[in-house]
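K.L.:
What follows is upload-v3.csv; its format and atoms are CSV, C-alpha atoms and all ligand atoms.
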```
chain,number,residue,atom,x,y,z
A,1,MET,CA,5.1,-14.1,-1.1
A,2,HIS,CA,5.0,-12.1,-4.4
A,3,VAL,CA,5.0,-8.4,-3.7
A,4,ILE,CA,3.9,-5.7,-6.2
A,5,VAL,CA,4.3,-2.1,-5.3
A,6,ASN,CA,1.9,0.2,-7.3
A,7,ALA,CA,1.7,4.0,-6.9
A,8,ALA,CA,1.0,7.2,-8.8
A,9,MET,CA,3.4,10.1,-8.7
A,10,SER,CA,3.8,13.5,-10.2
A,11,VAL,CA,6.5,14.2,-12.7
A,12,ASP,CA,8.6,15.4,-9.7
A,13,GLY,CA,8.1,12.2,-7.8
A,14,LYS,CA,5.6,13.2,-5.3
A,15,LEU,CA,2.7,11.0,-4.0
A,16,SER,CA,0.7,14.0,-2.7
A,17,THR,CA,1.0,17.5,-1.3
A,18,ARG,CA,2.9,18.8,1.7
A,19,HIS,CA,-0.4,18.7,3.5
A,20,ARG,CA,-0.6,15.0,2.8
A,21,GLU,CA,-4.0,15.4,1.2
A,22,GLN,CA,-4.9,12.8,-1.4
A,23,VAL,CA,-4.3,14.0,-5.0
A,24,ALA,CA,-5.9,12.2,-8.0
A,25,ILE,CA,-2.7,11.8,-10.1
A,26,SER,CA,-4.1,8.9,-12.1
A,27,GLY,CA,-6.9,9.3,-14.6
A,28,ALA,CA,-9.8,7.0,-15.2
A,29,GLU,CA,-7.9,4.5,-17.2
A,30,ASP,CA,-5.1,4.1,-14.7
A,31,PHE,CA,-7.6,3.8,-11.8
A,32,ASP,CA,-9.3,1.0,-13.7
A,33,ARG,CA,-5.9,-0.7,-14.1
A,34,VAL,CA,-5.4,-0.4,-10.4
A,35,ASP,CA,-8.8,-1.9,-9.8
A,36,ALA,CA,-7.8,-4.9,-12.0
A,37,LEU,CA,-4.5,-5.3,-10.1
A,38,ARG,CA,-6.4,-5.3,-6.8
A,39,ALA,CA,-8.7,-8.0,-8.1
A,40,ASP,CA,-5.7,-10.1,-9.1
A,41,SER,CA,-4.2,-9.9,-5.5
A,42,ASP,CA,-4.9,-11.8,-2.3
A,43,ALA,CA,-4.3,-8.6,-0.3
A,44,VAL,CA,-4.0,-4.8,-0.8
A,45,MET,CA,-1.6,-3.2,1.6
A,46,VAL,CA,-0.9,0.4,2.8
A,47,GLY,CA,0.9,2.0,5.8
A,48,VAL,CA,-1.2,3.6,8.5
A,49,GLY,CA,0.0,7.0,7.2
A,50,THR,CA,-2.1,6.5,4.1
A,51,VAL,CA,-5.1,5.4,6.2
A,52,LEU,CA,-4.8,8.6,8.3
A,53,ALA,CA,-4.3,10.8,5.2
A,54,ASP,CA,-6.8,9.2,2.7
A,55,ASP,CA,-9.2,7.0,4.7
A,56,PRO,CA,-9.1,4.6,1.7
A,57,SER,CA,-11.5,1.7,1.0
A,58,LEU,CA,-8.9,-0.5,-0.8
A,59,THR,CA,-11.6,-2.6,-2.4
A,60,VAL,CA,-12.3,-3.8,-5.9
A,61,ASP,CA,-15.1,-1.7,-7.5
A,62,ASP,CA,-15.8,-3.5,-10.8
A,63,ARG,CA,-18.7,-6.1,-10.4
A,64,GLU,CA,-17.4,-8.4,-13.1
A,65,ARG,CA,-14.0,-8.6,-11.4
A,66,ILE,CA,-15.6,-9.3,-8.0
A,67,ASP,CA,-17.7,-12.1,-9.6
A,68,ALA,CA,-14.6,-13.6,-11.3
A,69,ARG,CA,-12.9,-13.8,-7.9
A,70,THR,CA,-15.8,-15.7,-6.4
A,71,GLU,CA,-16.0,-18.0,-9.4
A,72,ARG,CA,-12.4,-19.0,-8.9
A,73,GLY,CA,-13.0,-19.7,-5.2
A,74,ASP,CA,-11.4,-16.5,-3.8
A,75,PRO,CA,-13.2,-14.2,-1.4
A,76,PRO,CA,-15.1,-11.4,-3.2
A,77,GLN,CA,-12.6,-8.9,-2.1
A,78,PRO,CA,-8.8,-9.1,-1.4
A,79,ALA,CA,-7.9,-8.7,2.3
A,80,ARG,CA,-6.9,-5.2,3.4
A,81,VAL,CA,-3.5,-5.2,5.2
A,82,ILE,CA,-2.3,-2.1,7.2
A,83,ALA,CA,1.2,-1.7,8.6
A,84,ASP,CA,0.2,-0.1,11.9
A,85,SER,CA,2.7,-0.8,14.7
A,86,ARG,CA,0.8,1.0,17.4
A,87,LEU,CA,-2.7,0.4,16.0
A,88,ARG,CA,-3.4,4.1,15.2
A,89,THR,CA,-6.0,3.2,12.6
A,90,PRO,CA,-9.0,5.3,13.7
A,91,THR,CA,-12.0,3.3,14.9
A,92,ASP,CA,-14.2,5.0,12.3
A,93,ALA,CA,-11.8,4.3,9.4
A,94,THR,CA,-13.4,2.9,6.2
A,95,VAL,CA,-11.1,-0.2,6.4
A,96,TYR,CA,-13.2,-1.3,9.4
A,97,ASP,CA,-16.4,-1.6,7.2
A,98,ASP,CA,-17.5,-5.1,6.3
A,99,ALA,CA,-16.7,-4.8,2.6
A,100,ALA,CA,-13.5,-7.0,3.1
A,101,GLU,CA,-11.4,-8.7,5.7
A,102,THR,CA,-9.0,-6.3,7.4
A,103,ILE,CA,-5.6,-7.4,8.8
A,104,LEU,CA,-3.6,-5.0,11.0
A,105,LEU,CA,0.1,-5.7,11.3
A,106,ALA,CA,1.1,-4.4,14.7
A,107,SER,CA,4.3,-4.6,16.8
A,108,ASP,CA,5.0,-5.2,20.5
A,109,THR,CA,4.3,-1.5,21.1
A,110,ALA,CA,0.6,-1.9,20.6
A,111,THR,CA,-1.3,-1.7,23.9
A,112,ASP,CA,-3.7,-4.4,25.1
A,113,GLN,CA,-6.5,-1.8,24.9
A,114,ALA,CA,-5.6,-1.0,21.2
A,115,LEU,CA,-5.5,-4.7,20.4
A,116,THR,CA,-8.9,-5.3,22.0
A,117,GLU,CA,-10.4,-2.3,20.2
A,118,ALA,CA,-9.1,-3.4,16.8
A,119,ARG,CA,-10.4,-7.0,17.3
A,120,THR,CA,-13.7,-5.7,18.5
A,121,LYS,CA,-14.0,-3.7,15.3
A,122,GLY,CA,-13.6,-7.0,13.4
A,123,ALA,CA,-9.9,-6.8,12.4
A,124,THR,CA,-7.4,-9.6,12.5
A,125,VAL,CA,-4.3,-8.4,14.3
A,126,VAL,CA,-0.9,-10.0,13.4
A,127,THR,CA,2.0,-9.0,15.6
A,128,ALA,CA,5.5,-8.9,14.3
A,129,GLY,CA,8.4,-6.8,15.5
A,130,GLU,CA,9.4,-5.0,18.6
A,131,ASP,CA,9.1,-1.3,17.6
A,132,ARG,CA,8.0,-1.0,14.0
A,133,VAL,CA,6.4,-3.9,12.1
A,134,ASP,CA,9.0,-6.4,11.0
A,135,LEU,CA,7.8,-6.7,7.4
A,136,SER,CA,9.7,-10.0,6.7
A,137,VAL,CA,8.2,-11.8,9.7
A,138,ALA,CA,4.8,-10.2,9.0
A,139,PHE,CA,4.8,-11.5,5.4
A,140,ASP,CA,5.7,-15.0,6.5
A,141,ARG,CA,2.7,-14.9,8.9
A,142,LEU,CA,0.4,-13.5,6.1
A,143,GLU,CA,1.4,-16.5,4.0
A,144,THR,CA,-0.1,-18.8,6.7
A,145,HIS,CA,-3.3,-16.9,6.1
A,146,GLY,CA,-3.2,-18.0,2.5
A,147,ILE,CA,-1.9,-14.6,1.2
A,148,GLU,CA,0.5,-15.3,-1.7
A,149,GLN,CA,0.3,-12.1,-3.7
A,150,VAL,CA,0.2,-8.6,-2.1
A,151,MET,CA,-0.3,-5.4,-3.9
A,152,VAL,CA,1.2,-2.5,-1.9
A,153,GLU,CA,-0.2,1.0,-2.7
A,154,GLY,CA,2.0,3.1,-0.5
A,155,GLY,CA,2.8,5.4,1.0
A,156,GLY,CA,6.5,6.4,0.7
A,157,GLU,CA,7.5,5.3,4.2
A,158,LEU,CA,6.2,1.8,3.7
A,159,VAL,CA,7.6,1.6,0.2
A,160,PHE,CA,11.1,2.5,1.4
A,161,SER,CA,11.0,-0.1,4.2
A,162,LEU,CA,9.9,-2.8,1.7
A,163,PHE,CA,12.8,-2.0,-0.7
A,164,GLU,CA,15.2,-1.8,2.3
A,165,ALA,CA,14.1,-5.3,3.4
A,166,GLY,CA,14.5,-6.6,-0.2
A,167,LEU,CA,10.8,-7.7,-0.2
A,168,VAL,CA,9.7,-6.1,-3.5
A,169,ASP,CA,9.4,-8.2,-6.7
A,170,GLU,CA,7.7,-5.7,-9.0
A,171,LEU,CA,7.2,-1.9,-9.1
A,172,SER,CA,4.6,-0.2,-11.3
A,173,VAL,CA,4.5,3.6,-11.1
A,174,PHE,CA,2.1,5.8,-13.0
A,175,VAL,CA,3.7,9.2,-13.7
A,176,GLY,CA,1.0,11.8,-14.1
A,177,SER,CA,1.6,15.0,-16.0
A,178,ILE,CA,1.4,17.3,-13.0
A,179,MET,CA,4.0,19.0,-10.8
A,180,ILE,CA,3.3,19.0,-7.0
A,181,GLY,CA,6.6,20.2,-5.5
A,182,GLY,CA,7.4,20.7,-1.9
A,183,ARG,CA,10.4,19.5,0.1
A,184,ASP,CA,8.1,18.0,2.7
A,185,ALA,CA,5.6,16.4,0.2
A,186,PRO,CA,5.8,12.5,0.3
A,187,THR,CA,7.7,10.8,-2.5
A,188,LEU,CA,7.5,7.3,-3.9
A,189,SER,CA,10.2,6.2,-1.4
A,190,ASP,CA,10.9,8.2,1.8
A,191,GLY,CA,12.2,6.7,5.0
A,192,ASP,CA,15.9,7.4,5.7
A,193,GLY,CA,16.8,6.9,2.0
A,194,PHE,CA,19.7,4.8,0.6
A,195,THR,CA,23.3,6.0,0.6
A,196,ASP,CA,24.8,2.8,-0.9
A,197,ARG,CA,23.6,-0.6,-2.1
A,198,PHE,CA,20.8,1.1,-4.0
A,199,PRO,CA,18.0,-1.3,-5.1
A,200,GLN,CA,18.5,-2.2,-8.7
A,201,LEU,CA,15.4,-2.3,-11.0
A,202,ARG,CA,15.0,-3.5,-14.6
A,203,LEU,CA,12.6,-1.6,-16.8
A,204,ARG,CA,10.1,-4.1,-18.2
A,205,ASP,CA,7.8,-1.8,-20.2
A,206,ILE,CA,6.5,1.7,-20.7
A,207,GLU,CA,2.9,2.4,-21.6
A,208,ARG,CA,1.0,5.6,-22.3
A,209,ILE,CA,-2.1,5.8,-20.1
A,210,ASP,CA,-4.4,8.8,-19.7
A,211,ASP,CA,-2.0,11.7,-20.1
A,212,GLY,CA,0.8,10.0,-18.3
A,213,ALA,CA,3.2,7.1,-18.5
A,214,LEU,CA,3.1,3.7,-16.7
A,215,LEU,CA,6.5,2.4,-15.9
A,216,ARG,CA,6.8,-1.3,-14.9
A,217,TYR,CA,9.9,-2.7,-13.4
A,218,HIS,CA,11.3,-6.0,-12.1
A,219,VAL,CA,13.3,-5.6,-8.9
A,220,SER,CA,16.6,-7.3,-9.1
A,221,GLY,CA,17.8,-6.8,-5.5
A,222,ARG,CA,20.3,-4.7,-3.6
B,1,LIG,N1,-0.2,8.7,-5.1
B,1,LIG,C1,-0.3,7.4,-4.6
B,1,LIG,O1,-0.2,6.4,-5.3
B,1,LIG,C2,-0.3,7.3,-3.1
B,1,LIG,C3,-0.3,8.4,-2.3
B,1,LIG,N2,-0.2,8.2,-1.0
B,1,LIG,C4,0.0,9.4,-0.1
B,1,LIG,O2,1.1,9.2,0.7
B,1,LIG,C5,0.9,9.8,2.0
B,1,LIG,C6,1.1,8.8,3.1
B,1,LIG,O3,2.4,8.3,3.0
B,1,LIG,P1,3.3,8.1,4.3
B,1,LIG,O4,3.1,9.2,5.3
B,1,LIG,O5,4.6,7.8,3.8
B,1,LIG,O6,2.6,6.8,5.0
B,1,LIG,P2,2.6,5.2,4.8
B,1,LIG,O7,1.3,4.9,4.3
B,1,LIG,O8,3.8,4.8,4.2
B,1,LIG,O9,2.6,4.8,6.4
B,1,LIG,C7,3.8,5.0,7.1
B,1,LIG,C8,3.5,4.5,8.5
B,1,LIG,O10,3.4,3.0,8.5
B,1,LIG,C9,3.8,2.5,9.7
B,1,LIG,N3,4.7,1.4,9.6
B,1,LIG,C10,4.6,0.3,10.4
B,1,LIG,N4,5.6,-0.5,10.1
B,1,LIG,C11,6.4,0.1,9.2
B,1,LIG,C12,7.6,-0.2,8.6
B,1,LIG,N5,8.2,-1.4,8.8
B,1,LIG,N6,8.1,0.7,7.7
B,1,LIG,C13,7.5,1.8,7.4
B,1,LIG,N7,6.3,2.2,8.0
B,1,LIG,C14,5.8,1.4,8.9
B,1,LIG,C15,4.5,3.7,10.5
B,1,LIG,O11,3.7,4.2,11.5
B,1,LIG,P3,3.8,3.4,13.0
B,1,LIG,O12,5.2,3.4,13.3
B,1,LIG,O13,2.9,4.2,13.8
B,1,LIG,O14,3.3,2.0,12.7
B,1,LIG,C16,4.6,4.7,9.4
B,1,LIG,O15,4.6,6.1,9.9
B,1,LIG,C17,-0.4,10.4,2.0
B,1,LIG,O16,-0.3,11.8,1.6
B,1,LIG,C18,-1.2,9.7,0.8
B,1,LIG,O17,-2.1,10.5,0.2
B,1,LIG,C19,-0.3,7.0,-0.4
B,1,LIG,C20,-0.4,5.9,-1.2
B,1,LIG,C21,-0.4,5.9,-2.6
B,2,LIG,N1,-3.2,4.6,-8.2
B,2,LIG,C1,-3.4,5.7,-7.5
B,2,LIG,N2,-3.5,6.9,-8.2
B,2,LIG,C2,-3.7,8.0,-7.5
B,2,LIG,O1,-3.7,9.2,-8.2
B,2,LIG,C3,-3.8,8.0,-6.1
B,2,LIG,N3,-4.0,9.2,-5.4
B,2,LIG,C4,-3.7,6.7,-5.5
B,2,LIG,N4,-3.9,6.7,-4.2
B,2,LIG,C5,-4.0,5.4,-3.5
B,2,LIG,O2,-5.3,4.9,-3.6
B,2,LIG,C6,-5.9,4.8,-2.4
B,2,LIG,C7,-7.4,5.2,-2.4
B,2,LIG,O3,-8.1,4.0,-2.6
B,2,LIG,P1,-9.7,3.9,-2.6
B,2,LIG,O4,-10.1,4.5,-3.9
B,2,LIG,O5,-10.2,4.7,-1.4
B,2,LIG,O6,-9.9,2.5,-2.5
B,2,LIG,C8,-5.1,5.7,-1.5
B,2,LIG,O7,-5.2,5.4,-0.2
B,2,LIG,C9,-3.8,5.5,-2.0
B,2,LIG,O8,-3.2,4.3,-1.6
B,2,LIG,N5,-3.5,5.6,-6.2
```
Spit out the file's structure as structure tokens when you get a sec.

P.N.:
Amino acid sequence: MHVIVNAAMSVDGKLSTRHREQVAISGAEDFDRVDALRADSDAVMVGVGTVLADDPSLTVDDRERIDARTERGDPPQPARVIADSRLRTPTDATVYDDAAETILLASDTATDQALTEARTKGATVVTAGEDRVDLSVAFDRLETHGIEQVMVEGGGELVFSLFEAGLVDELSVFVGSIMIGGRDAPTLSDGDGFTDRFPQLRLRDIERIDDGALLRYHVSGR
């Protein structure tokens, strides 16, 4: 599995405000780059925190990119993958529309009722892990669904866990020219944080986009 994490953060490293309300940090050019990255992926993944905060669509917008996917034999849209141990994705969430396949990664804590509801809404549920989703096991199972490249869009809890598990191959982060602040505002990598064996990244390139900077890294490991 090839895993690319992509996110947009303020100059002070925040993904959104302390209210966890979505902030447009990227400009038009960066959102278009994100659309192209989605189109090149088999799946677009977020944590359930992002679904609850943003109610995202996680779909490709550009018609030509959708057509190019079908021409090469891929589904028109990448699958949407949500790390959602207890199946908290609301039944009226946009990810339950029929625009793309939706795969919920759950753990053993998901109740039978929640499993039935999610499946009734049309989602595929993949169970991995006792408490939280075991991301390594879940990714192995996604590979059996033909998913070889995943683009992860956040949020900070999920990004930390992926780095902690050594599952990230590439990171691209757009640094927008705004300051958000707030000790409780989500950052690019939250979770418990690292105290040693910090993940090592190698800067691949820097590009000016909109009024910000796109930083692209290879992840070398811990
Ligand atoms: N600027 C940007 O590019 C982006 C900004 N955002 C912002 O980030 C915020 C949401 O981020 P955040 O709250 O961190 O939420 P996340 O999207 O990272 O979701 C976190 C949740 O995922 C579930 N989860 C399941 N398995 C795991 C695992 N192994 N490791 C970690 N989490 C797991 C957990 O819930 P459970 O235990 O119930 O399963 C956890 O609470 C919002 O404010 C959103 O607007 C989000 C994405 C991109
Ligand atoms: N790349 C990027 N730039 C920003 O400024 C953002 N706020 C985000 N947020 C992510 O995009 C998702 C919304 O996707 P849809 O447009 O609804 O498909 C959101 O959930 C975050 O993951 N990303």

K.L.:
Neighbours of A:Arg208 within 10 Å (only C-alpha atoms; same-chain residues fewer than 5 positions away dropped), as a list of chain:residue names?

P.N.:
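Here the qualifying residues turn out to be A:Asp30, A:Phe174, A:Val175, A:Ala213, A:Leu214, A:Leu215.
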
K.L.:
Sort by chain and increasing residue number a table of all residues of chain A within 7 Å of ligand LIG 1 (chain B), each with its closest pair of atoms and their distance in Å to one decimal, counting all atoms listed in the file, and write it as a tab-separated table.

P.N.:
```
residue	atom	partner	partner_atom	distance
A:Asn6	CA	B:LIG1	O1	6.8
A:Ala7	CA	B:LIG1	O1	3.5
A:Ala8	CA	B:LIG1	O1	3.8
A:Met9	CA	B:LIG1	N1	5.3
A:Leu15	CA	B:LIG1	N1	3.9
A:Ser16	CA	B:LIG1	O16	4.9
A:Thr17	CA	B:LIG1	O16	6.5
A:Arg20	CA	B:LIG1	O16	3.4
A:Glu21	CA	B:LIG1	O16	5.2
A:Gln22	CA	B:LIG1	O17	4.0
A:Val23	CA	B:LIG1	O17	6.6
A:Ile25	CA	B:LIG1	N1	6.4
A:Val46	CA	B:LIG1	O7	5.2
A:Gly47	CA	B:LIG1	O7	3.3
A:Val48	CA	B:LIG1	O9	4.5
A:Gly49	CA	B:LIG1	O6	3.4
A:Thr50	CA	B:LIG1	O7	3.8
A:Val51	CA	B:LIG1	O7	6.7
A:Ala53	CA	B:LIG1	C17	5.1
A:Asp54	CA	B:LIG1	O17	5.5
A:Ala83	CA	B:LIG1	C10	4.3
A:Asp84	CA	B:LIG1	O14	3.8
A:Ser85	CA	B:LIG1	O14	3.5
A:Arg86	CA	B:LIG1	O13	5.3
A:Arg88	CA	B:LIG1	O13	6.5
A:Arg132	CA	B:LIG1	N4	4.6
A:Val133	CA	B:LIG1	N4	4.0
A:Asp134	CA	B:LIG1	N5	5.5
A:Leu135	CA	B:LIG1	N5	5.5
A:Glu153	CA	B:LIG1	C21	4.9
A:Gly154	CA	B:LIG1	C20	3.8
A:Gly155	CA	B:LIG1	O8	3.4
A:Gly156	CA	B:LIG1	O5	3.9
A:Glu157	CA	B:LIG1	O8	3.7
A:Leu158	CA	B:LIG1	O8	3.9
A:Val159	CA	B:LIG1	O8	6.4
A:Ser161	CA	B:LIG1	N6	4.6
A:Pro186	CA	B:LIG1	O2	5.8
A:Asp190	CA	B:LIG1	O5	6.6
```

K.L.:
Pick from A:Asp196, A:Asp205, A:Glu164, A:Asp210: nearest to ligand LIG 2 (chain B), with only C-alpha atoms and all ligand atoms counted?

P.N.:
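Among A:Asp196, A:Asp205, A:Glu164, A:Asp210, it is A:Asp210 that comes nearest to ligand LIG 2 (chain B).
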
K.L.:
With distances taken over only C-alpha atoms, which of A:Pro199, A:Gly166, A:Gly182, A:Gly73 is nearest to A:Lys14?

P.N.:
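So, comparing all the options, the nearest one is A:Gly182.
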
K.L.:
Find the residue from A:Glu101, A:Glu207, A:Glu29, A:Glu117 that sits nearest to A:Ala43; use only C-alpha atoms when measuring.

P.N.:
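Ranked by minimum distance to A:Ala43, first place goes to A:Glu101.
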
K.L.:
Hey, can you check how far atom CA of A:Ser220 sits from atom CA of A:Asp169?

P.N.:
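Spanning atom CA of A:Ser220 to atom CA of A:Asp169 is a straight-line distance of 7.6 Å.
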
K.L.:
For A:Ser177, please output as a count of residues only all residues within 8 Å (counting only C-alpha atoms; exclusion window: fewer than 2 positions along the same chain).

P.N.:
7

K.L.:
Let me make sure I understand: among A:Ser41, A:Val5, A:Gly27, A:His19, which one has the smallest atom-to-atom distance to ligand LIG 2 (chain B) if we use only C-alpha atoms and all ligand atoms?

P.N.:
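When distances to ligand LIG 2 (chain B) are compared using only C-alpha atoms and all ligand atoms, the smallest one comes from A:Gly27.
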
K.L.:
Name all residues at most 12 Å from stretch 118-122 of chain A (count all atoms listed in the file; drop same-chain ones fewer than 6 positions away) and give them as a list of chain:residue names.

P.N.:
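Near neighbours after the sequence-gap exclusion: A:Ile82, A:Asp84, A:Arg86, A:Leu87, A:Arg88, A:Thr89, A:Pro90, A:Thr91, A:Asp92, A:Ala93, A:Thr94, A:Val95, A:Tyr96, A:Asp97, A:Asp98, A:Ala99, A:Ala100, A:Glu101, A:Thr102, A:Ile103, A:Leu104, A:Leu105, A:Ala106, A:Ala110, A:Thr111, A:Asp112.
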
K.L.:
Between A:Arg72, A:Arg80, A:Arg204, A:His218, which one has atoms that come closest to A:Met151, using only C-alpha atoms?

P.N.:
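Residue with the minimum atom-to-atom distance to A:Met151: A:Arg80.
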
K.L.:
Identify which of the residues A:Ala114, A:Ile178, A:Gly191, A:Glu170 lies closest to ligand LIG 2 (chain B), counting all atoms listed in the file when measuring atom-to-atom distances.

P.N.:
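Comparing A:Ala114, A:Ile178, A:Gly191, A:Glu170 against ligand LIG 2 (chain B), the winner is A:Ile178.
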
K.L.:
Would you compute the distance between atom CA of A:Val173 and atom C9 of ligand LIG 2 (chain B)? Give it in Å to one decimal.

P.N.:
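Spanning atom CA of A:Val173 to atom C9 of ligand LIG 2 (chain B) is a straight-line distance of 12.5 Å.
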
K.L.:
Quick one: residues within 12 Å of A:His145, all atoms listed in the file, excluding same-chain residues fewer than 6 positions away - as a ChimeraX atom specification?

P.N.:
/A:1,42-43,79,81,101,103,124-126,138-139

K.L.:
Between atom CA of A:Ala28 and atom N1 of ligand LIG 2 (chain B), what is the distance in Å, rounded to a tenth?

P.N.:
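Atom-to-atom, atom CA of A:Ala28 and atom N1 of ligand LIG 2 (chain B) are spaced 9.9 Å apart.
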
K.L.:
Taking (-13.8, -9.5, -1.8) in the file's coordinates as the center, which residues reach within 9 Å of it, counting all atoms listed in the file, put as a compact mmCIF listing (two decimals) with C-alpha atoms, keeping the file's coordinate frame?

P.N.:
```txt
# COMPACT_ATOMS: atom_id res chain seq x y z
CA ALA A 39 -8.70 -8.00 -8.10
CA THR A 59 -11.60 -2.60 -2.40
CA VAL A 60 -12.30 -3.80 -5.90
CA ILE A 66 -15.60 -9.30 -8.00
CA ARG A 69 -12.90 -13.80 -7.90
CA THR A 70 -15.80 -15.70 -6.40
CA ASP A 74 -11.40 -16.50 -3.80
CA PRO A 75 -13.20 -14.20 -1.40
CA PRO A 76 -15.10 -11.40 -3.20
CA GLN A 77 -12.60 -8.90 -2.10
CA PRO A 78 -8.80 -9.10 -1.40
CA ALA A 79 -7.90 -8.70 2.30
CA ALA A 99 -16.70 -4.80 2.60
CA ALA A 100 -13.50 -7.00 3.10
CA GLU A 101 -11.40 -8.70 5.70
```

K.L.:
Using all atoms listed in the file and a cutoff of 7 Å, can you tell me which residues are near (2.5, -7.5, 0.0) in the file's coordinates, and write them out as a VMD selection string?

P.N.:
chain A and resid 2 to 4 43 45 149 to 152
